[in-house]
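Coordinates as given in start_36.cif (mmCIF, C-alpha atoms):
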```
data_protein
#
loop_
_atom_site.group_PDB
_atom_site.id
_atom_site.type_symbol
_atom_site.label_atom_id
_atom_site.label_comp_id
_atom_site.auth_asym_id
_atom_site.auth_seq_id
_atom_site.Cartn_x
_atom_site.Cartn_y
_atom_site.Cartn_z
ATOM 1 C CA MET A 22 19.921 -21.660 -8.009
ATOM 2 C CA MET A 23 21.686 -19.551 -10.635
ATOM 3 C CA GLY A 24 24.401 -18.588 -8.141
ATOM 4 C CA GLN A 25 25.386 -22.251 -7.751
ATOM 5 C CA CYS A 26 27.912 -23.831 -10.102
ATOM 6 C CA MET A 27 26.954 -26.884 -12.113
ATOM 7 C CA LYS A 28 28.012 -28.800 -15.173
ATOM 8 C CA VAL A 29 26.747 -27.512 -18.523
ATOM 9 C CA SER A 30 24.851 -30.784 -19.020
ATOM 10 C CA GLN A 31 23.104 -30.297 -15.676
ATOM 11 C CA MET A 32 22.241 -26.725 -16.613
ATOM 12 C CA TYR A 33 20.829 -27.910 -19.928
ATOM 13 C CA ASP A 34 18.644 -30.490 -18.138
ATOM 14 C CA TRP A 35 17.440 -27.817 -15.729
ATOM 15 C CA ILE A 36 16.611 -25.439 -18.601
ATOM 16 C CA CYS A 37 14.650 -28.166 -20.404
ATOM 17 C CA ASP A 38 12.698 -28.946 -17.218
ATOM 18 C CA PHE A 39 12.032 -25.246 -16.666
ATOM 19 C CA GLU A 40 10.768 -24.811 -20.228
ATOM 20 C CA ARG A 41 8.525 -27.851 -19.886
ATOM 21 C CA LEU A 42 7.110 -26.717 -16.534
ATOM 22 C CA SER A 43 6.536 -23.086 -17.360
ATOM 23 C CA ASN A 44 5.565 -23.497 -21.028
ATOM 24 C CA GLN A 45 7.679 -20.459 -21.781
ATOM 25 C CA LYS A 46 10.985 -19.934 -23.535
ATOM 26 C CA VAL A 47 13.919 -19.234 -21.316
ATOM 27 C CA LEU A 48 15.270 -15.851 -22.295
ATOM 28 C CA TYR A 49 18.287 -15.927 -20.062
ATOM 29 C CA ARG A 50 20.592 -18.943 -19.977
ATOM 30 C CA LYS A 51 23.514 -18.539 -17.682
ATOM 31 C CA LYS A 52 26.426 -20.958 -17.676
ATOM 32 C CA CYS A 53 28.549 -21.095 -14.590
ATOM 33 C CA HIS A 54 32.272 -21.383 -15.237
ATOM 34 C CA ALA A 55 33.448 -20.572 -11.723
ATOM 35 C CA ARG A 56 35.820 -22.990 -10.101
ATOM 36 C CA SER A 57 35.528 -24.284 -6.579
ATOM 37 C CA ARG A 58 38.506 -24.947 -4.301
ATOM 38 C CA ASN A 59 36.676 -27.980 -2.914
ATOM 39 C CA GLY A 60 36.354 -29.769 -6.237
ATOM 40 C CA GLU A 61 33.749 -30.985 -8.692
ATOM 41 C CA LYS A 62 31.922 -33.350 -6.301
ATOM 42 C CA GLU A 63 30.957 -30.532 -3.909
ATOM 43 C CA ARG A 64 29.705 -28.316 -6.733
ATOM 44 C CA GLU A 65 27.743 -31.192 -8.191
ATOM 45 C CA SER A 66 26.057 -32.089 -4.891
ATOM 46 C CA MET A 67 25.239 -28.442 -4.105
ATOM 47 C CA SER A 68 23.622 -27.874 -7.488
ATOM 48 C CA GLU A 69 21.633 -31.100 -7.494
ATOM 49 C CA SER A 70 20.426 -31.144 -3.879
ATOM 50 C CA ILE A 71 17.673 -28.568 -4.405
ATOM 51 C CA PHE A 72 16.008 -30.858 -6.963
ATOM 52 C CA HIS A 73 15.934 -33.961 -4.756
ATOM 53 C CA MET A 74 12.999 -35.017 -2.615
ATOM 54 C CA VAL A 75 12.942 -33.442 0.837
ATOM 55 C CA GLU A 76 11.450 -35.309 3.782
ATOM 56 C CA ILE A 77 10.663 -33.674 7.124
ATOM 57 C CA LYS A 78 9.069 -36.202 9.475
ATOM 58 C CA LYS A 79 5.858 -37.283 7.659
ATOM 59 C CA LEU A 80 5.973 -34.488 5.047
ATOM 60 C CA LYS A 81 7.495 -35.423 1.698
ATOM 61 C CA MET A 82 8.205 -32.640 -0.778
ATOM 62 C CA LYS A 83 9.193 -33.410 -4.360
ATOM 63 C CA ASN A 84 12.095 -30.938 -4.186
ATOM 64 C CA GLY A 85 13.658 -28.215 -2.057
ATOM 65 C CA ILE A 86 12.140 -25.313 -4.007
ATOM 66 C CA TYR A 87 9.506 -23.321 -2.153
ATOM 67 C CA VAL A 88 7.314 -20.284 -2.765
ATOM 68 C CA THR A 89 7.377 -17.708 0.014
ATOM 69 C CA PRO A 90 4.141 -16.085 1.222
ATOM 70 C CA ILE A 91 2.886 -13.210 -0.928
ATOM 71 C CA VAL A 92 -0.258 -11.257 0.049
ATOM 72 C CA THR A 93 -2.464 -11.285 -3.052
ATOM 73 C CA ARG A 94 -5.575 -9.275 -2.055
ATOM 74 C CA PHE A 95 -7.687 -11.871 -3.887
ATOM 75 C CA SER A 96 -9.996 -12.639 -0.957
ATOM 76 C CA VAL A 97 -13.621 -11.504 -0.701
ATOM 77 C CA PRO A 98 -13.599 -7.972 0.812
ATOM 78 C CA ASN A 99 -14.238 -7.713 4.566
ATOM 79 C CA THR A 100 -14.892 -11.445 5.015
ATOM 80 C CA GLY A 101 -11.469 -13.077 4.740
ATOM 81 C CA GLU A 102 -13.088 -15.728 2.533
ATOM 82 C CA VAL A 103 -11.335 -17.284 -0.435
ATOM 83 C CA ALA A 104 -12.349 -15.948 -3.869
ATOM 84 C CA PRO A 105 -12.103 -17.989 -7.105
ATOM 85 C CA GLU A 106 -9.041 -15.903 -8.070
ATOM 86 C CA THR A 107 -7.301 -17.068 -4.884
ATOM 87 C CA VAL A 108 -7.700 -20.738 -5.761
ATOM 88 C CA ALA A 109 -6.606 -20.093 -9.365
ATOM 89 C CA HIS A 110 -3.528 -18.190 -8.128
ATOM 90 C CA TYR A 111 -2.356 -21.011 -5.858
ATOM 91 C CA ARG A 112 -3.088 -23.672 -8.485
ATOM 92 C CA GLN A 113 -0.949 -21.721 -10.986
ATOM 93 C CA LEU A 114 1.894 -21.428 -8.473
ATOM 94 C CA ALA A 115 1.748 -25.183 -7.824
ATOM 95 C CA LYS A 116 1.904 -25.929 -11.558
ATOM 96 C CA GLY A 117 5.430 -24.483 -11.516
ATOM 97 C CA SER A 118 6.436 -27.597 -9.493
ATOM 98 C CA PRO A 119 7.800 -26.177 -6.253
ATOM 99 C CA GLY A 120 8.084 -28.641 -3.392
ATOM 100 C CA LEU A 121 6.267 -26.303 -0.999
ATOM 101 C CA ILE A 122 4.049 -23.219 -1.122
ATOM 102 C CA ILE A 123 3.649 -21.089 1.979
ATOM 103 C CA GLN A 124 0.181 -19.539 1.760
ATOM 104 C CA GLU A 125 0.040 -15.797 2.287
ATOM 105 C CA ALA A 126 -0.478 -14.059 5.631
ATOM 106 C CA THR A 127 -3.809 -15.512 6.738
ATOM 107 C CA CYS A 128 -5.301 -13.506 9.562
ATOM 108 C CA VAL A 129 -6.426 -15.225 12.769
ATOM 109 C CA ASP A 130 -8.779 -12.412 13.856
ATOM 110 C CA ILE A 131 -10.967 -9.947 11.937
ATOM 111 C CA ASP A 132 -9.451 -7.079 13.951
ATOM 112 C CA GLY A 133 -5.917 -8.196 13.081
ATOM 113 C CA ARG A 134 -6.104 -7.600 9.330
ATOM 114 C CA LEU A 135 -3.656 -5.441 7.376
ATOM 115 C CA MET A 136 -6.298 -4.717 4.731
ATOM 116 C CA ASP A 137 -9.932 -5.484 3.937
ATOM 117 C CA ARG A 138 -9.004 -8.118 1.311
ATOM 118 C CA GLN A 139 -6.820 -10.339 3.467
ATOM 119 C CA LEU A 140 -7.408 -14.069 3.785
ATOM 120 C CA GLY A 141 -8.761 -15.146 7.138
ATOM 121 C CA ILE A 142 -8.958 -18.211 9.314
ATOM 122 C CA TRP A 143 -11.055 -16.798 12.184
ATOM 123 C CA ASN A 144 -14.427 -18.427 11.497
ATOM 124 C CA ASP A 145 -15.981 -21.614 10.131
ATOM 125 C CA GLU A 146 -17.251 -19.945 6.936
ATOM 126 C CA GLN A 147 -13.633 -19.648 5.747
ATOM 127 C CA ILE A 148 -12.834 -23.366 6.027
ATOM 128 C CA GLN A 149 -14.351 -24.485 2.709
ATOM 129 C CA GLY A 150 -12.414 -21.904 0.671
ATOM 130 C CA LEU A 151 -9.149 -22.672 2.435
ATOM 131 C CA HIS A 152 -9.800 -26.358 1.764
ATOM 132 C CA GLN A 153 -10.199 -25.537 -1.965
ATOM 133 C CA ILE A 154 -6.745 -23.923 -1.966
ATOM 134 C CA VAL A 155 -5.232 -26.995 -0.309
ATOM 135 C CA GLU A 156 -6.956 -29.348 -2.767
ATOM 136 C CA ALA A 157 -5.793 -27.274 -5.775
ATOM 137 C CA VAL A 158 -2.180 -27.268 -4.576
ATOM 138 C CA HIS A 159 -2.169 -30.941 -3.561
ATOM 139 C CA GLY A 160 -3.706 -31.761 -6.953
ATOM 140 C CA GLU A 161 -0.467 -30.511 -8.524
ATOM 141 C CA GLY A 162 1.657 -32.664 -6.197
ATOM 142 C CA CYS A 163 2.784 -29.791 -4.004
ATOM 143 C CA ALA A 164 2.785 -29.349 -0.213
ATOM 144 C CA ILE A 165 1.309 -26.222 1.365
ATOM 145 C CA PHE A 166 1.723 -24.467 4.716
ATOM 146 C CA VAL A 167 -0.171 -21.422 5.961
ATOM 147 C CA GLN A 168 1.403 -18.286 7.407
ATOM 148 C CA LEU A 169 -0.757 -17.328 10.391
ATOM 149 C CA HIS A 170 -0.927 -13.587 10.875
ATOM 150 C CA HIS A 171 -2.151 -10.763 13.105
ATOM 151 C CA ALA A 172 -1.273 -7.173 12.180
ATOM 152 C CA GLY A 173 -1.476 -5.797 15.702
ATOM 153 C CA VAL A 174 -1.287 -2.023 15.927
ATOM 154 C CA VAL A 175 -0.420 -1.538 12.233
ATOM 155 C CA GLY A 176 -3.653 -3.200 11.072
ATOM 156 C CA ILE A 177 -6.883 -1.574 9.893
ATOM 157 C CA SER A 178 -8.718 -2.005 13.205
ATOM 158 C CA GLU A 179 -9.591 1.140 15.140
ATOM 159 C CA ALA A 180 -8.947 -0.665 18.448
ATOM 160 C CA PRO A 181 -6.040 -3.023 17.725
ATOM 161 C CA MET A 182 -5.054 -5.733 20.182
ATOM 162 C CA CYS A 183 -1.371 -6.121 21.079
ATOM 163 C CA PRO A 184 0.686 -8.255 23.475
ATOM 164 C CA ASP A 185 1.038 -5.113 25.607
ATOM 165 C CA ASP A 186 -0.145 -1.490 25.525
ATOM 166 C CA TYR A 187 1.545 0.006 22.489
ATOM 167 C CA THR A 188 1.753 3.404 20.800
ATOM 168 C CA TYR A 189 2.570 3.585 17.102
ATOM 169 C CA VAL A 190 3.408 6.766 15.190
ATOM 170 C CA GLN A 191 2.272 6.297 11.599
ATOM 171 C CA ALA A 192 4.042 7.694 8.518
ATOM 172 C CA ASP A 193 1.652 10.663 8.381
ATOM 173 C CA GLY A 194 2.503 11.566 12.010
ATOM 174 C CA SER A 195 -0.784 10.371 13.473
ATOM 175 C CA VAL A 196 -0.691 8.161 16.533
ATOM 176 C CA LYS A 197 -2.395 4.794 16.868
ATOM 177 C CA ILE A 198 -2.717 3.095 20.242
ATOM 178 C CA GLY A 199 -2.946 -0.650 20.683
ATOM 179 C CA ARG A 200 -4.346 -2.135 23.853
ATOM 180 C CA ARG A 201 -3.066 -5.098 25.836
ATOM 181 C CA MET A 202 -4.946 -8.317 25.116
ATOM 182 C CA THR A 203 -6.861 -9.941 27.951
ATOM 183 C CA LEU A 204 -6.270 -13.546 28.964
ATOM 184 C CA GLU A 205 -9.612 -14.481 27.391
ATOM 185 C CA GLU A 206 -8.571 -12.927 24.053
ATOM 186 C CA ILE A 207 -5.284 -14.814 24.045
#
```

Turn the structure described in the file into structure tokens.
Amino acid sequence: MMGQCMKVSQMYDWICDFERLSNQKVLYRKKCHARSRNGEKERESMSESIFHMVEIKKLKMKNGIYVTPIVTRFSVPNTGEVAPETVAHYRQLAKGSPGLIIQEATCVDIDGRLMDRQLGIWNDEQIQGLHQIVEAVHGEGCAIFVQLHHAGVVGISEAPMCPDDYTYVQADGSVKIGRRMTLEEI
């Protein structure tokens, strides 16, 4: 956003919106004075397009701003279940008015976790908590996707599953061996 050129009046409007949405003072206000060879219209459309509604098939997002997945470690240890802090975290992100939030790496198998406090989607007990995250984010007018995840050989499992037999040399020099998944496991 800040690398794009825009009119000072557009920047002022953006700063006012940012202050209103974040309830904080903007400490850094950058004005872009760069000139474009392609003219004012191109700069204007580039700077405004991120704030317009985005529609992808049936999904409508209020703008083109999105939050990338960030592993929070807020889940209940060793269960993959959503903790109250997880819901609060995603609600707070959605209050910033992005068009889309991509939920953190959510593990599809207990043996595919990177850590003991990673969100999971491998059993029915996790559905209610994940639904709470979705409701919190949708309540703020924001779309949400989930990043499905399996750590493979770098996870915390002692017998990690991999697409093929795999040997991994860890940073400390120790070796971890992943085994090929069976057709039933796939």

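What the PyMOL selection byres ((chain A and resi 83) around 6) picks from this file is Met74, Met82, Asn84 and Gly120 of chain A.
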
> Got a sec to resolve the PyMOL selection byres ((chain A and resi 152) around 12) on this structure and send the residues as a list in words?
Replying inline: Glu102, Val103, Thr107, Val108, Tyr111, Ile142, Asp145, Glu146, Gln147, Ile148, Gln149, Gly150, Leu151, Gln153, Ile154, Val155, Glu156, Ala157, Val158, His159, Gly160, Ile165 and Val167 of chain A

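Here the question is which of A:Ala172, A:Val190, A:Ala109, A:Ala164 gets nearest to Ile131 of chain A using only C-alpha atoms, and that residue is A:Ala172.
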
> What is the atom CA of Ile71 of chain A-atom CA of His110 of chain A distance in Å, reported with one decimal?
Replying inline: 23.9 Å

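Distance check against Leu169 of chain A using only C-alpha atoms: of A:Asn144, A:Gln124, A:Val196, A:Arg138, the minimum falls on A:Gln124.
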
>> Counting all atoms listed in the file, which residue out of A:Trp143, A:Gly133, A:Pro90, A:Glu161 sits closest to Lys116 of chain A?
In response: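 Using all atoms listed in the file, the shortest distance to Lys116 of chain A belongs to A:Glu161.
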
> What does the distance from atom CA of Val175 of chain A to atom CA of Ser195 of chain A come to in Å, to one decimal?
Replying inline: 12.0 Å

Could you write segment 191-202 of chain A as a compact mmCIF listing (two decimals), in the frame of the given file, with all heavy atoms rebuilt where they are missing?
```
# COMPACT_ATOMS: atom_id res chain seq x y z
N GLN A 191 2.38 6.67 13.00
CA GLN A 191 2.27 6.30 11.60
C GLN A 191 3.07 7.25 10.72
O GLN A 191 3.52 8.31 11.17
CB GLN A 191 0.80 6.27 11.19
CG GLN A 191 0.02 5.24 12.01
CD GLN A 191 -1.42 5.15 11.62
OE1 GLN A 191 -1.71 4.59 10.56
NE2 GLN A 191 -2.30 5.66 12.45
N ALA A 192 3.24 6.90 9.46
CA ALA A 192 4.04 7.69 8.52
C ALA A 192 3.53 9.12 8.39
O ALA A 192 4.32 10.05 8.20
CB ALA A 192 4.06 7.01 7.15
N ASP A 193 2.21 9.31 8.51
CA ASP A 193 1.65 10.66 8.38
C ASP A 193 1.73 11.46 9.69
O ASP A 193 1.25 12.58 9.77
CB ASP A 193 0.20 10.60 7.90
CG ASP A 193 -0.73 9.91 8.89
OD1 ASP A 193 -0.28 9.50 9.98
OD2 ASP A 193 -1.93 9.77 8.56
N GLY A 194 2.34 10.88 10.73
CA GLY A 194 2.50 11.57 12.01
C GLY A 194 1.39 11.29 13.00
O GLY A 194 1.50 11.64 14.17
N SER A 195 0.31 10.68 12.55
CA SER A 195 -0.78 10.37 13.47
C SER A 195 -0.38 9.22 14.39
O SER A 195 0.50 8.42 14.07
CB SER A 195 -2.06 10.03 12.71
OG SER A 195 -1.87 8.87 11.92
N VAL A 196 -1.03 9.16 15.53
CA VAL A 196 -0.69 8.16 16.53
C VAL A 196 -1.82 7.14 16.63
O VAL A 196 -3.00 7.50 16.65
CB VAL A 196 -0.46 8.84 17.91
CG1 VAL A 196 -0.23 7.80 18.99
CG2 VAL A 196 0.71 9.81 17.83
N LYS A 197 -1.43 5.87 16.70
CA LYS A 197 -2.40 4.79 16.87
C LYS A 197 -2.00 4.05 18.13
O LYS A 197 -0.83 3.75 18.35
CB LYS A 197 -2.35 3.87 15.65
CG LYS A 197 -3.53 2.96 15.54
CD LYS A 197 -3.52 2.29 14.16
CE LYS A 197 -4.75 1.46 13.98
NZ LYS A 197 -4.74 0.77 12.70
N ILE A 198 -3.00 3.75 18.97
CA ILE A 198 -2.72 3.10 20.24
C ILE A 198 -3.33 1.70 20.26
O ILE A 198 -4.52 1.53 19.98
CB ILE A 198 -3.25 3.93 21.41
CG1 ILE A 198 -2.55 5.29 21.42
CG2 ILE A 198 -3.07 3.20 22.73
CD1 ILE A 198 -3.07 6.26 22.44
N GLY A 199 -2.48 0.73 20.54
CA GLY A 199 -2.95 -0.65 20.68
C GLY A 199 -3.09 -0.99 22.15
O GLY A 199 -2.32 -0.52 22.98
N ARG A 200 -4.11 -1.78 22.46
CA ARG A 200 -4.35 -2.13 23.85
C ARG A 200 -3.87 -3.56 24.15
O ARG A 200 -3.85 -4.40 23.26
CB ARG A 200 -5.82 -1.99 24.20
CG ARG A 200 -6.71 -2.96 23.45
CD ARG A 200 -8.14 -2.94 23.96
NE ARG A 200 -8.95 -3.86 23.18
CZ ARG A 200 -8.95 -5.18 23.35
NH1 ARG A 200 -8.19 -5.72 24.26
NH2 ARG A 200 -9.71 -5.94 22.60
N ARG A 201 -3.51 -3.79 25.39
CA ARG A 201 -3.07 -5.10 25.84
C ARG A 201 -4.23 -6.09 25.75
O ARG A 201 -5.35 -5.78 26.14
CB ARG A 201 -2.57 -5.02 27.27
CG ARG A 201 -2.20 -6.39 27.82
CD ARG A 201 -1.86 -6.34 29.27
NE ARG A 201 -0.53 -5.76 29.39
CZ ARG A 201 0.11 -5.64 30.53
NH1 ARG A 201 -0.45 -6.02 31.64
NH2 ARG A 201 1.31 -5.10 30.56
N MET A 202 -3.93 -7.27 25.22
CA MET A 202 -4.95 -8.32 25.12
C MET A 202 -5.24 -8.89 26.50
O MET A 202 -4.36 -8.96 27.35
CB MET A 202 -4.46 -9.45 24.21
CG MET A 202 -4.29 -9.02 22.77
SD MET A 202 -3.42 -10.23 21.72
CE MET A 202 -4.35 -11.70 21.97
```
